[in-house]
Amino acid sequence: MVYKEREKSSNLLIMESLMNRSNLSKDDRNRYAYLVKGLEGEKILDRRTEMLKCDCLVLNDLLLKINGTVFQIDSLLIMANGIYIYEVKNFEGEYFFEAEKMYKLSTKREVMSPLIQINRSKTLLRQLIEQLGFNFSVKAYVVFVNPQFTLYQAPPLEELVLPTLLNTHFVQLNSISARLTKNHRRIAEELKALHMEDSPFHDVPNYESEKLKRGMTCSQCGTFMDDFTRGWTCTCKHCGRVELISEIVIRHAQEYKRLFPNQKITTSVIRKWCDDRLSAKRIWYILHNYYKAKGTGRWMYFE
């Protein structure tokens with residue numbers, strides 16, 4: 001059972017906006033592609049965990065903190081026999097291990113060993129679980145989900161799950177017949193409640209409001225849309241997606257707040273952000289029905 005759904009990270013959402021609204025450098029476009037590929041890999045693992053028949057709780061994309069140290073877990077499974085955590089890698093191509101270090105074969109360039117990342121998360125999660133008053137074992141795995149990935153000289157470690165071992169790994173999980181207890185559900189609730197919505201790690205380029213393209217983009221393909229003259233919906237001319245205009249306005253208000261968290265949401269600000277495609281009256285009505293209005297008259301804003 002999926003107990004916490006996976007959502008796009010704030011970094012990825014911001015980079016999506018910048019891809020649509022600015023001319024990013026090659027390095028920044030590569031950074032965006034890396035984030036997208038990482039999410040695609042995580043979704044591959046999600047499809048596996050969603051098919052589990054054993055009694056379990058799945059928490060995706062946890063951002064936790066203990067004693068001032070923040071750590072991230074791609075996927076966490078609460079099973080009857082303990083907690084399983086996964087670091088997902090969507091690497092493609094040929095890599096090799098040598099002297100406990102990992103390298104890309106074509107360039108001989110060292111890459112950050114995912115074993116270091118997962119062992120750090122494992123240690124911090126154990127500490128957090130103990131601090132919460134629970135006693136669960138923690139097993140940690142690095143999962144390589146891309147079938148086009150090859151790892152030479154891989155150390156014979158249980159923590160490494162290569163593409164050819166994915167089926168075997170999940171067959172073993174499904175063989176666990178014991179049922180979850182109240183304590184398993186309590187730790188799931190505690191970890192979900194401790195998840196940090198706002199990441200302290202913002203790896204995005206600098207940007208300014210006046211230099212970003214204004215307008216309303218399609219939620220599916222990112223194309224700018226321009227026909228808002230009639231009715232309650234708008235159809236993207238590029239991909240055909242139909243969306244309620246009220247949902248489009250709220251989505252763009254959320255986008256603006258994400259990009260400029262210190263700015264207030266007002267009718268005039270969102271109308272300008274949407275490139276004056278809708279009347280002030282219509283935008284006010286939509287914001288007023290979704291947010292709580294603060295202030296009055298020209299000083300009114302929404303939260």
# chains A, B, ... in the order shown; residues from 1 in each chain; ligands from 1
call {"tool": "closest_atom_pairs", "arguments": {"of": "stretch 157-226 of chain A", "to": "stretch 74-78 of chain A", "cutoff": "12 Å", "atoms": "only C-alpha atoms", "output": "CSV"}}
result
residue,atom,partner,partner_atom,distance
A:Phe170,CA,A:Leu77,CA,11.7
A:Leu173,CA,A:Leu77,CA,10.1
A:Ile176,CA,A:Ile78,CA,11.8
A:Ala178,CA,A:Ile78,CA,11.9
A:Arg179,CA,A:Ile78,CA,10.8
A:Leu180,CA,A:Ile78,CA,8.4
A:Thr181,CA,A:Ile78,CA,10.6
A:Lys182,CA,A:Ile78,CA,11.9
A:Asn183,CA,A:Ile78,CA,10.5
A:His184,CA,A:Ile78,CA,6.8
A:Arg185,CA,A:Ile78,CA,8.5
A:Arg186,CA,A:Ile78,CA,10.7
A:Ile187,CA,A:Ile78,CA,8.6
A:Ala188,CA,A:Ile78,CA,7.4
A:Glu189,CA,A:Ile78,CA,11.2
A:Leu191,CA,A:Leu76,CA,10.0
A:Lys192,CA,A:Leu76,CA,10.7
call {"tool": "residues_around", "arguments": {"residues": "stretch 270-282 of chain A", "least_positions_apart": "5", "cutoff": "7 Å", "atoms": "only C-alpha atoms", "output": "list in words"}}
result
Arg214, Gly215, Met216, Phe228, Ala253 and Ile265 of chain A
call {"tool": "closest_residue", "arguments": {"among": "A:Thr168, A:Gly295, A:Ile83, A:Glu42", "to": "A:Phe134", "atoms": "only C-alpha atoms"}}
result
A:Ile83
call {"tool": "residues_around", "arguments": {"residues": "stretch 14-22 of chain A", "least_positions_apart": "5", "cutoff": "9 Å", "atoms": "only C-alpha atoms", "output": "PyMOL selection string"}}
result
chain A and resi 9+28-29+31-32+35+204-205+207+211-215+217+222-224+255+258-259
call {"tool": "residues_around", "arguments": {"residues": "A:Glu98", "least_positions_apart": "5", "cutoff": "12 Å", "atoms": "only C-alpha atoms", "output": "PyMOL selection string"}}
result
chain A and resi 103-105+108-111+113+151-155
call {"tool": "write_last_selection", "arguments": {"atoms": "N, CA and C atoms", "output": "short mmCIF file (atom, residue, chain, number, x, y, z; two decimals), in the first residue's frame"}}
result
data_model
loop_
_atom_site.label_atom_id
_atom_site.label_comp_id
_atom_site.auth_asym_id
_atom_site.auth_seq_id
_atom_site.Cartn_x
_atom_site.Cartn_y
_atom_site.Cartn_z
N TYR A 103 33.41 4.22 -11.23
CA TYR A 103 33.84 5.04 -12.36
C TYR A 103 32.94 4.77 -13.57
N LYS A 104 32.82 5.79 -14.42
CA LYS A 104 32.17 5.60 -15.73
C LYS A 104 33.23 5.07 -16.69
N LEU A 105 32.94 3.97 -17.36
CA LEU A 105 33.94 3.29 -18.16
C LEU A 105 34.45 4.15 -19.31
N LYS A 108 36.46 7.12 -17.62
CA LYS A 108 37.30 6.79 -16.45
C LYS A 108 37.13 7.81 -15.34
N ARG A 109 36.04 8.55 -15.38
CA ARG A 109 35.79 9.58 -14.37
C ARG A 109 35.06 8.97 -13.18
N GLU A 110 35.53 9.30 -11.99
CA GLU A 110 34.89 8.79 -10.78
C GLU A 110 33.53 9.46 -10.58
N VAL A 111 32.56 8.67 -10.16
CA VAL A 111 31.24 9.20 -9.80
C VAL A 111 31.01 8.94 -8.32
N SER A 113 29.89 7.40 -5.22
CA SER A 113 29.42 6.05 -4.98
C SER A 113 28.08 6.09 -4.27
N LEU A 151 27.45 -2.89 -14.77
CA LEU A 151 28.45 -2.58 -13.74
C LEU A 151 29.45 -3.72 -13.67
N TYR A 152 30.70 -3.41 -14.07
CA TYR A 152 31.77 -4.40 -14.03
C TYR A 152 32.46 -4.38 -12.67
N GLN A 153 32.97 -5.55 -12.30
CA GLN A 153 33.72 -5.70 -11.05
C GLN A 153 32.89 -5.26 -9.84
N ALA A 154 31.59 -5.48 -9.93
CA ALA A 154 30.71 -5.09 -8.82
C ALA A 154 31.03 -5.94 -7.60
N PRO A 155 31.20 -5.31 -6.45
CA PRO A 155 31.45 -6.08 -5.23
C PRO A 155 30.24 -6.93 -4.89
#
call {"tool": "atom_distance", "arguments": {"atom1": "atom CA of A:Asn67", "atom2": "atom CA of A:Leu194"}}
result
13.0 Å
call {"tool": "residues_around", "arguments": {"residues": "A:Ser177", "least_positions_apart": "3", "cutoff": "9 Å", "atoms": "only C-alpha atoms", "output": "PyMOL selection string"}}
result
chain A and resi 54-55+80+174
